[in-house]
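A.B. asks: Take a look at the following structure, please.
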Amino acid sequence: MTDKPANAMWGGRFAMSPAEIMQEINASIGFDKALAPQDIRGSKAHAEMLAEAGIITKADAREITKGLDKIKAEIDAGTFEFSRALEDVHMNVESRLKDMIGPAAGRLHTARSRNDQVATDFRLFVRDAVDGIDTALEKVQWALADKAEKHAGTVMPGFTHLQPAQPVTFGHHLLAYVEMIARDRGRFADARKRLNESPLGSAALAGTSFPIDREKTAEALGFDRPMANSLDGVSDRDFAMETLAAATITAVHFSRLAEEIVIWMTPQFGFVKLSDRFTTGSSIMPQKRNPDAAELARAKVGRIAAAFQGLVIVMKGLPLAYSKDMQEDKETTFDALSSLRLVMAAMAGMVADLEPNVDAMRAAAGRGYSTATDLADWLVRELKMPFREAHHVTGSIVKAAETKGIDLDQLSLEEMQKVEPRITKAVFSVLSVENSVKSRTSYGGTAPQNVVKMARQWLRRLEKGRGKV
Ligand code: ARG
């Protein structure tokens with residue numbers, strides 16, 4: 001980065017250069033250079049429209065377009081020299097254009113301001129990110145549904161309070177995340193609908209007296225329509241807030257799955273194995289296999305949620321229209337979106353990679369009196385006992401097993417009959433974890449037959465590109 005003397009772009013009435021600290025606090029080029037591709041797209045659309053509306057000549061528009069394409073190539077090649085004295089990406093690009101094509105460059109900014117320019121660039125950037133997020137989320141859904149289908153009948157303990165509650169199937173557990181991600185994708189898609197309006201042509205804040213065609217630039221940039229109010233056009237950052245809100249909820253979901261992977265991987269649980277590809281060793285303890293990728297996926301929600309909160313606080317109480325405060329919208333948004341990208345890719349990889357330890361899951365599913373509810377349901381069904389009484393009777397039977405230090409299905413019929421004499425040996429059929437999960441056939445329940453059906457349904461939906469709600 002170089003320091004050119006300030007400021008060729010707006011310095012007409014300025015006699016002195018800005019203080020060093022003024023440049024330092026004011027410049028955004030350090031981070032908004034990420035908007036260069038969007039800035040160039042926006043400028044090309046604007047120049048073309050200006051020429052068609054007869055505001056600039058076709059020859060000037062051609063020069064501008066050619067120059068912008070060259071600048072894009074320089075940026076892609078890494079040879080473009082960004083200057084801090086030129087503050088931001090918009091002025092860096094325009095200044096380079098002037099070096100290249102001379103006075104015609106000065107016509108590009110007709111009927112435009114950096115206020116509508118940055119709003120346009122940032123929207124395009126966030127829209128591109130949202131599209132990438134959708135594709136990445138779809139990949140995670142695939143990985144989950146695929147594994148769910150394979151493990152539709154793999155029994156594991158289901159937890160509440162992280163205490164063994166009732167047996168469930170591993171496939172069912174994975175499909176819960178497919179549903180969560182479907183809602184995430186729905187939220188991003190919904191945010192995208194509102195995002196997809198063009199601020200370009202709002203100019204500084206009041207619109208312009210030039211006969212511009214906002215429909216045309218909106219269409220050229222893939223927006224559905226121009227924003228209807230120029231003040232709103234330059235000062236709205238809802239699209240970034242909404243996207244960050246959706247990103248935060250998504251990251252919360254991934255942090256939960258990541259946490260489960262961390263727990264499942266402990267030797268105490270031993271439910272899943274992650275290969276060398278997604279684990280690390282310890283430099284001192286040779287026996288260790290650490291789930292670092294899962295831990296980091298669990299942690300990234302911190303900076304993503306912080307970006308959302310940060311932007312909300314920046315926007316709070318800002319009067320219309322543009323204020324420089326809004327320059328603080330970008331850096332953390334960029335960081336949050338690239339963090340989410342990492343998390344999604346790492347989770348897709350981990351889900352595909354992880355292999356459940358079927359025996360350990362099965363054994364754990366049987367511990368902790370996990371079929372006590374099945375016993376209570378049996379009493380209700382077979383002995384017509386009111387559920388509350390059945391709950392009480394089952395509690396006493398669990399206590400008897402607990403005193404003996406054995407599981408429910410190891411208790412003898414006589415011991416159960418001491419609590420409730422009408423119990424018959426038919427009760428044993430509901431005390432196994434396999435029968436327990438098989439019986440849960442209610443819609444949305446954990447029965448393997450449901451899970452296979454749901455997993456296949458999801459795979460079909462994903463094939464057709466309909467994995468969001
Ligand atoms: N770098 C500025 C931003 O990110 C661009 C808009 C500047 N507008 C202005 N009136 N100073 O917000």
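As shown in the structure tokens, the chain order sets the letters A, B, ...; within each chain, residues go from 1, and ligands are also counted from 1 in the order they appear.
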Show me, as CSV, the residues of chain A having an atom within 10 Å of ligand 1, each with the closest atom pair and its distance in Å, using only C-alpha atoms and all ligand atoms.
C.D. replies:
```
residue,atom,partner,partner_atom_place_in_ligand_line,distance
A:Asn26,CA,ligand 1,1 (N),8.1
A:Ala27,CA,ligand 1,1 (N),7.1
A:Ser28,CA,ligand 1,1 (N),5.5
A:Ile29,CA,ligand 1,1 (N),7.5
A:Phe31,CA,ligand 1,4 (O),9.4
A:Asp32,CA,ligand 1,4 (O),7.0
A:Lys33,CA,ligand 1,1 (N),10.0
A:Leu35,CA,ligand 1,4 (O),9.9
A:Leu86,CA,ligand 1,1 (N),9.9
A:Glu87,CA,ligand 1,1 (N),6.8
A:Asp88,CA,ligand 1,1 (N),5.0
A:Val89,CA,ligand 1,1 (N),7.3
A:His90,CA,ligand 1,5 (C),7.3
A:Met91,CA,ligand 1,1 (N),8.8
A:Ser113,CA,ligand 1,8 (N),7.4
A:Arg114,CA,ligand 1,6 (C),4.7
A:Asn115,CA,ligand 1,6 (C),4.8
A:Asp116,CA,ligand 1,6 (C),8.0
A:Gln117,CA,ligand 1,6 (C),7.4
A:Val118,CA,ligand 1,5 (C),5.4
A:Ala119,CA,ligand 1,12 (O),7.9
A:Asp121,CA,ligand 1,4 (O),9.7
A:Phe122,CA,ligand 1,4 (O),8.7
A:Ala204,CA,ligand 1,10 (N),7.4
A:Leu205,CA,ligand 1,10 (N),9.8
A:Val234,CA,ligand 1,6 (C),9.4
A:Ser235,CA,ligand 1,12 (O),9.9
A:Tyr322,CA,ligand 1,10 (N),6.9
A:Ser323,CA,ligand 1,10 (N),7.2
A:Lys324,CA,ligand 1,12 (O),5.7
A:Asp325,CA,ligand 1,12 (O),7.4
A:Met326,CA,ligand 1,12 (O),5.3
A:Gln327,CA,ligand 1,12 (O),3.6
A:Glu328,CA,ligand 1,4 (O),7.2
A:Asp329,CA,ligand 1,4 (O),7.6
A:Lys330,CA,ligand 1,4 (O),7.3
A:Glu331,CA,ligand 1,4 (O),9.7
```
A.B. asks: Contacts of Leu375 (chain A) at 7 Å or less, counting only C-alpha atoms, minus same-chain residues fewer than 6 places along, as a ChimeraX atom specification?
C.D. replies: /A:394,430-431
A.B. asks: Only N, CA, C and O atoms, please: the residues just picked out, written as a compact mmCIF listing (two decimals), in the first residue's frame.
C.D. replies:
```txt
# COMPACT_ATOMS: atom_id res chain seq x y z
N THR A 394 -43.79 -47.88 37.60
CA THR A 394 -42.50 -48.06 36.90
C THR A 394 -41.36 -47.51 37.75
O THR A 394 -40.28 -48.12 37.84
N VAL A 430 -41.10 -55.39 25.56
CA VAL A 430 -40.94 -53.93 25.38
C VAL A 430 -39.70 -53.39 26.08
O VAL A 430 -39.37 -52.21 25.97
N LEU A 431 -39.01 -54.25 26.82
CA LEU A 431 -37.87 -53.74 27.59
C LEU A 431 -36.56 -53.70 26.80
O LEU A 431 -35.58 -53.14 27.24
```
A.B. asks: Smallest atom-to-atom distance to Ala455 (chain A): which of A:Leu144, A:Ala59, A:Val126, A:Ile423, using only C-alpha atoms?
C.D. replies: A:Leu144
A.B. asks: Considering only C-alpha atoms, return as a PyMOL selection string whatever protein or nucleic-acid residues lie within 10 Å of Ala152 (chain A), sequence-local ones (same chain, fewer than 5 positions apart) excluded.
C.D. replies: chain A and resi 145+147+168-175+446-455
A.B. asks: Out of A:Ile304, A:Ile284, A:Ala36, A:Ala345, which residue has the shortest atom-to-atom distance to Asp134 (chain A) when counting only C-alpha atoms?
C.D. replies: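 Closest to Asp134 (chain A) of all the choices is A:Ala345.
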A.B. asks: Can you work out which one of A:Glu94, A:Asp377, A:Glu52, A:Asp238 has the shortest atom-to-atom distance to Ile40 (chain A), counting only C-alpha atoms?
C.D. replies: A:Glu94
A.B. asks: Could you give me, as an MDAnalysis selection string, each residue of region 388-468 of chain A that DSSP assigns to helix (DSSP H, G or I) when run on this structure's backbone?
C.D. replies: chainID A and resid 388:404 408:410 413:419 425:430 433:439 448:463
A.B. asks: Taking the DSSP assignment computed from this structure's backbone, write out as a PyMOL selection string all residues of region 125-301 of chain A that belong to strand (DSSP E or B).
C.D. replies: chain A and resi 155-160+163-169+197-198+225-226+272-273+280+290
A.B. asks: Rank A:Thr248, A:Thr135, A:Gln38, A:Ser198 by their smallest atom-to-atom distance to Glu219 (chain A), using only C-alpha atoms, and report the top residue only.
C.D. replies: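 Under the stated criterion, the closest residue is A:Ser198.
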A.B. asks: Take CA of Ala400 (chain A) and CA of Gly368 (chain A) and report the distance between them in Å, one decimal.
C.D. replies: 13.3 Å
A.B. asks: Let me make sure I understand: among A:Leu200, A:Leu459, A:Ala105, A:Ala294, which one has the smallest atom-to-atom distance to Ala348 (chain A) if we use only C-alpha atoms?
C.D. replies: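 Ranked by minimum distance to Ala348 (chain A), first place goes to A:Ala294.
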A.B. asks: Considering only C-alpha atoms, can you say which of A:Met361, A:Val314, A:Leu195, A:Ala182 comes closest to Gln268 (chain A)?
C.D. replies: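 Closest to Gln268 (chain A) of all the choices is A:Met361.
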A.B. asks: If we count only C-alpha atoms, what is near Ala372 (chain A) at a cut-off of 12 Å, once residues fewer than 3 positions away on the same chain are taken out, given as number ranges by chain?
C.D. replies: A: 164-167, 366-369, 375-379, 390-399, 401, 407-409, 427-428, 430-433, 436
A.B. asks: Name all residues at most 12 Å from Met265 (chain A) (count only C-alpha atoms; drop same-chain ones fewer than 2 positions away) and give them as a tab-separated table (two decimals) with all heavy atoms, in the first residue's frame.
C.D. replies:
```tsv
chain	number	residue	atom	x	y	z
A	258	ALA	N	-21.40	-29.81	16.64
A	258	ALA	CA	-19.96	-29.91	16.94
A	258	ALA	C	-19.76	-30.39	18.38
A	258	ALA	O	-18.93	-31.26	18.65
A	258	ALA	CB	-19.29	-28.55	16.74
A	259	GLU	N	-20.54	-29.84	19.29
A	259	GLU	CA	-20.44	-30.24	20.70
A	259	GLU	C	-20.78	-31.72	20.86
A	259	GLU	O	-20.14	-32.45	21.62
A	259	GLU	CB	-21.39	-29.37	21.55
A	259	GLU	CG	-21.70	-29.89	22.94
A	259	GLU	CD	-20.55	-29.77	23.93
A	259	GLU	OE1	-19.44	-29.45	23.49
A	259	GLU	OE2	-20.78	-30.02	25.12
A	260	GLU	N	-21.78	-32.18	20.13
A	260	GLU	CA	-22.14	-33.59	20.23
A	260	GLU	C	-21.01	-34.48	19.72
A	260	GLU	O	-20.70	-35.52	20.31
A	260	GLU	CB	-23.44	-33.86	19.47
A	260	GLU	CG	-24.58	-33.05	20.06
A	260	GLU	CD	-25.96	-33.62	19.80
A	260	GLU	OE1	-26.37	-33.70	18.64
A	260	GLU	OE2	-26.62	-33.97	20.78
A	261	ILE	N	-20.38	-34.03	18.63
A	261	ILE	CA	-19.25	-34.81	18.10
A	261	ILE	C	-18.13	-34.87	19.15
A	261	ILE	O	-17.54	-35.92	19.38
A	261	ILE	CB	-18.76	-34.21	16.76
A	261	ILE	CG1	-19.84	-34.41	15.68
A	261	ILE	CG2	-17.45	-34.85	16.33
A	261	ILE	CD1	-19.55	-33.74	14.34
A	262	VAL	N	-17.88	-33.74	19.79
A	262	VAL	CA	-16.84	-33.70	20.83
A	262	VAL	C	-17.18	-34.69	21.95
A	262	VAL	O	-16.33	-35.48	22.38
A	262	VAL	CB	-16.70	-32.27	21.41
A	262	VAL	CG1	-15.81	-32.27	22.65
A	262	VAL	CG2	-16.14	-31.31	20.36
A	263	ILE	N	-18.43	-34.67	22.39
A	263	ILE	CA	-18.85	-35.58	23.47
A	263	ILE	C	-18.78	-37.04	23.00
A	263	ILE	O	-18.23	-37.90	23.68
A	263	ILE	CB	-20.30	-35.25	23.92
A	263	ILE	CG1	-20.35	-33.88	24.59
A	263	ILE	CG2	-20.83	-36.33	24.87
A	263	ILE	CD1	-21.76	-33.42	24.93
A	267	PRO	N	-13.41	-41.00	25.07
A	267	PRO	CA	-13.35	-42.43	25.37
A	267	PRO	C	-14.50	-42.84	26.29
A	267	PRO	O	-14.99	-43.97	26.19
A	267	PRO	CB	-12.01	-42.59	26.10
A	267	PRO	CG	-11.22	-41.39	25.75
A	267	PRO	CD	-12.18	-40.28	25.45
A	268	GLN	N	-14.98	-41.94	27.13
A	268	GLN	CA	-16.09	-42.27	28.03
A	268	GLN	C	-17.35	-42.61	27.24
A	268	GLN	O	-18.11	-43.49	27.62
A	268	GLN	CB	-16.37	-41.09	28.99
A	268	GLN	CG	-15.34	-40.91	30.08
A	268	GLN	CD	-14.03	-40.25	29.59
A	268	GLN	OE1	-13.94	-39.81	28.44
A	268	GLN	NE2	-13.03	-40.22	30.45
A	269	PHE	N	-17.62	-41.87	26.18
A	269	PHE	CA	-18.77	-42.19	25.32
A	269	PHE	C	-18.37	-43.21	24.25
A	269	PHE	O	-18.99	-44.24	24.11
A	269	PHE	CB	-19.30	-40.92	24.63
A	269	PHE	CG	-20.36	-40.20	25.42
A	269	PHE	CD1	-20.03	-39.46	26.55
A	269	PHE	CD2	-21.69	-40.26	25.03
A	269	PHE	CE1	-21.00	-38.79	27.27
A	269	PHE	CE2	-22.67	-39.58	25.75
A	269	PHE	CZ	-22.32	-38.85	26.88
A	270	GLY	N	-17.33	-42.86	23.51
A	270	GLY	CA	-16.85	-43.74	22.43
A	270	GLY	C	-17.91	-44.06	21.38
A	270	GLY	O	-17.93	-45.15	20.82
A	271	PHE	N	-18.78	-43.12	21.11
A	271	PHE	CA	-19.86	-43.36	20.14
A	271	PHE	C	-19.40	-43.25	18.69
A	271	PHE	O	-19.97	-43.89	17.82
A	271	PHE	CB	-21.01	-42.35	20.33
A	271	PHE	CG	-21.89	-42.64	21.50
A	271	PHE	CD1	-21.60	-43.65	22.41
A	271	PHE	CD2	-23.05	-41.89	21.71
A	271	PHE	CE1	-22.43	-43.90	23.50
A	271	PHE	CE2	-23.88	-42.14	22.78
A	271	PHE	CZ	-23.57	-43.15	23.68
A	272	VAL	N	-18.46	-42.33	18.42
A	272	VAL	CA	-18.04	-42.16	17.03
A	272	VAL	C	-16.53	-42.10	16.92
A	272	VAL	O	-15.82	-41.78	17.89
A	272	VAL	CB	-18.61	-40.87	16.38
A	272	VAL	CG1	-20.12	-40.87	16.35
A	272	VAL	CG2	-18.07	-39.63	17.05
A	273	LYS	N	-16.07	-42.43	15.73
A	273	LYS	CA	-14.65	-42.28	15.41
A	273	LYS	C	-14.54	-41.27	14.28
A	273	LYS	O	-15.28	-41.34	13.31
A	273	LYS	CB	-14.08	-43.62	14.93
A	273	LYS	CG	-13.46	-44.44	16.03
A	273	LYS	CD	-12.48	-45.48	15.49
A	273	LYS	CE	-13.11	-46.57	14.66
A	273	LYS	NZ	-14.00	-47.50	15.36
A	274	LEU	N	-13.62	-40.32	14.45
A	274	LEU	CA	-13.27	-39.43	13.36
A	274	LEU	C	-11.89	-39.85	12.90
A	274	LEU	O	-11.02	-40.15	13.73
A	274	LEU	CB	-13.20	-37.97	13.84
A	274	LEU	CG	-14.44	-37.08	13.76
A	274	LEU	CD1	-14.08	-35.67	14.19
A	274	LEU	CD2	-15.04	-37.04	12.36
A	275	SER	N	-11.67	-39.84	11.61
A	275	SER	CA	-10.37	-40.31	11.10
A	275	SER	C	-9.28	-39.27	11.34
A	275	SER	O	-9.54	-38.16	11.80
A	275	SER	CB	-10.48	-40.60	9.61
A	275	SER	OG	-10.46	-39.37	8.90
A	278	PHE	N	-9.60	-35.45	10.37
A	278	PHE	CA	-10.30	-34.39	11.10
A	278	PHE	C	-9.93	-34.32	12.57
A	278	PHE	O	-10.66	-33.75	13.38
A	278	PHE	CB	-11.82	-34.54	10.92
A	278	PHE	CG	-12.28	-34.14	9.56
A	278	PHE	CD1	-12.47	-35.08	8.57
A	278	PHE	CD2	-12.48	-32.80	9.25
A	278	PHE	CE1	-12.86	-34.71	7.30
A	278	PHE	CE2	-12.87	-32.42	7.99
A	278	PHE	CZ	-13.06	-33.38	7.00
A	279	THR	N	-8.80	-34.92	12.92
A	279	THR	CA	-8.38	-34.88	14.31
A	279	THR	C	-6.91	-34.49	14.38
A	279	THR	O	-6.21	-34.50	13.37
A	279	THR	CB	-8.57	-36.25	14.98
A	279	THR	OG1	-8.00	-37.26	14.13
A	279	THR	CG2	-10.03	-36.55	15.22
A	288	LYS	N	-3.42	-39.25	22.57
A	288	LYS	CA	-4.55	-38.37	22.31
A	288	LYS	C	-4.96	-38.30	20.85
A	288	LYS	O	-4.16	-38.40	19.94
A	288	LYS	CB	-4.19	-36.95	22.76
A	288	LYS	CG	-4.00	-36.83	24.25
A	288	LYS	CD	-5.26	-36.42	24.94
A	288	LYS	CE	-5.43	-34.93	24.82
A	288	LYS	NZ	-6.57	-34.46	25.54
A	289	ARG	N	-6.27	-38.14	20.68
A	289	ARG	CA	-6.83	-37.82	19.36
A	289	ARG	C	-7.86	-36.73	19.64
A	289	ARG	O	-8.91	-36.97	20.22
A	289	ARG	CB	-7.49	-39.06	18.77
A	289	ARG	CG	-8.10	-38.82	17.40
A	289	ARG	CD	-8.88	-40.03	16.92
A	289	ARG	NE	-8.02	-41.10	16.42
A	289	ARG	CZ	-7.42	-41.09	15.22
A	289	ARG	NH1	-7.58	-40.07	14.43
A	289	ARG	NH2	-6.70	-42.10	14.86
A	290	ASN	N	-7.51	-35.52	19.24
A	290	ASN	CA	-8.36	-34.38	19.62
A	290	ASN	C	-9.26	-33.94	18.48
A	290	ASN	O	-8.82	-33.84	17.34
A	290	ASN	CB	-7.48	-33.21	20.07
A	290	ASN	CG	-6.71	-33.53	21.33
A	290	ASN	OD1	-7.18	-34.27	22.19
A	290	ASN	ND2	-5.51	-32.99	21.45
A	291	PRO	N	-10.50	-33.59	18.84
A	291	PRO	CA	-11.47	-33.19	17.79
A	291	PRO	C	-11.39	-31.70	17.48
A	291	PRO	O	-12.40	-30.99	17.53
A	291	PRO	CB	-12.81	-33.56	18.42
A	291	PRO	CG	-12.60	-33.36	19.89
A	291	PRO	CD	-11.15	-33.66	20.17
A	292	ASP	N	-10.21	-31.19	17.15
A	292	ASP	CA	-10.03	-29.73	16.98
A	292	ASP	C	-11.00	-29.10	15.99
A	292	ASP	O	-11.50	-28.00	16.23
A	292	ASP	CB	-8.61	-29.41	16.50
A	292	ASP	CG	-7.56	-29.76	17.52
A	292	ASP	OD1	-7.75	-30.76	18.24
A	292	ASP	OD2	-6.54	-29.05	17.60
A	294	ALA	N	-13.99	-29.95	15.23
A	294	ALA	CA	-15.32	-29.83	15.87
A	294	ALA	C	-15.29	-28.72	16.92
A	294	ALA	O	-16.24	-27.93	17.04
A	294	ALA	CB	-15.74	-31.15	16.49
A	295	GLU	N	-14.21	-28.65	17.67
A	295	GLU	CA	-14.13	-27.60	18.69
A	295	GLU	C	-14.16	-26.22	18.07
A	295	GLU	O	-14.82	-25.30	18.58
A	295	GLU	CB	-12.85	-27.78	19.52
A	295	GLU	CG	-12.86	-29.04	20.37
A	295	GLU	CD	-11.47	-29.34	20.91
A	295	GLU	OE1	-11.14	-28.82	21.98
A	295	GLU	OE2	-10.71	-30.08	20.26
A	354	LEU	N	-17.21	-39.27	9.84
A	354	LEU	CA	-17.38	-39.96	11.13
A	354	LEU	C	-18.08	-41.31	10.99
A	354	LEU	O	-18.99	-41.48	10.19
A	354	LEU	CB	-18.08	-39.07	12.17
A	354	LEU	CG	-19.52	-38.61	12.04
A	354	LEU	CD1	-20.50	-39.69	12.47
A	354	LEU	CD2	-19.72	-37.40	12.95
A	355	GLU	N	-17.59	-42.26	11.76
A	355	GLU	CA	-18.20	-43.59	11.76
A	355	GLU	C	-18.68	-43.91	13.16
A	355	GLU	O	-17.93	-43.80	14.13
A	355	GLU	CB	-17.17	-44.64	11.33
A	355	GLU	CG	-17.00	-44.77	9.82
A	355	GLU	CD	-18.32	-44.95	9.06
A	355	GLU	OE1	-19.24	-45.65	9.56
A	355	GLU	OE2	-18.46	-44.36	7.97
A	356	PRO	N	-19.96	-44.26	13.30
A	356	PRO	CA	-20.43	-44.59	14.64
A	356	PRO	C	-19.89	-45.94	15.10
A	356	PRO	O	-19.69	-46.85	14.28
A	356	PRO	CB	-21.94	-44.65	14.47
A	356	PRO	CG	-22.18	-44.90	13.04
A	356	PRO	CD	-21.02	-44.31	12.28
A	357	ASN	N	-19.63	-46.04	16.37
A	357	ASN	CA	-19.29	-47.33	16.98
A	357	ASN	C	-20.62	-47.96	17.42
A	357	ASN	O	-21.14	-47.69	18.51
A	357	ASN	CB	-18.36	-47.09	18.18
A	357	ASN	CG	-17.95	-48.39	18.82
A	357	ASN	OD1	-18.56	-49.44	18.59
A	357	ASN	ND2	-16.92	-48.33	19.64
A	360	ALA	N	-20.95	-49.78	20.84
A	360	ALA	CA	-20.91	-48.89	22.01
A	360	ALA	C	-22.21	-48.12	22.16
A	360	ALA	O	-22.74	-47.94	23.27
A	360	ALA	CB	-19.73	-47.93	21.90
A	361	MET	N	-22.75	-47.67	21.04
A	361	MET	CA	-24.02	-46.93	21.07
A	361	MET	C	-25.14	-47.84	21.59
A	361	MET	O	-25.94	-47.44	22.43
A	361	MET	CB	-24.40	-46.44	19.67
A	361	MET	CG	-23.66	-45.20	19.22
A	361	MET	SD	-24.36	-44.65	17.64
A	361	MET	CE	-23.57	-43.07	17.46
```
A.B. asks: Could you name the residues that touch Ala61 (chain A) at 6 Å or less, counting only C-alpha atoms, but leaving out those on the same chain fewer than 3 positions away, as an NGL selection string?
C.D. replies: :A and (47 or 58 or 64)
A.B. asks: Could the residues in this selection be saved with C-alpha atoms as a PDB file, in the first residue's frame?
C.D. replies:
```
ATOM      1  CA  ALA A  47     -21.480   3.640 -17.073  1.00  0.00           C
ATOM      2  CA  LYS A  58     -20.887   5.995 -25.825  1.00  0.00           C
ATOM      3  CA  ILE A  64     -14.523   3.377 -18.890  1.00  0.00           C
TER       4      ILE A  64
END
```
A.B. asks: Please indicate the distance in Å from CA of Ser43 (chain A) to CA of Leu124 (chain A), rounded to one decimal place.
C.D. replies: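 If I compute the distance from CA of Ser43 (chain A) to CA of Leu124 (chain A), I get 12.4 Å.
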A.B. asks: With only C-alpha atoms as the counted atoms, please give the residues lying no more than 8 Å from Lys468 (chain A), apart from itself and same-chain residues fewer than 3 positions off, as a PyMOL selection string.
C.D. replies: chain A and resi 181-186
A.B. asks: Enter the distance from CA of Thr217 (chain A) to CA of Ala45 (chain A), in Å, rounded to one decimal.
C.D. replies: 5.6 Å
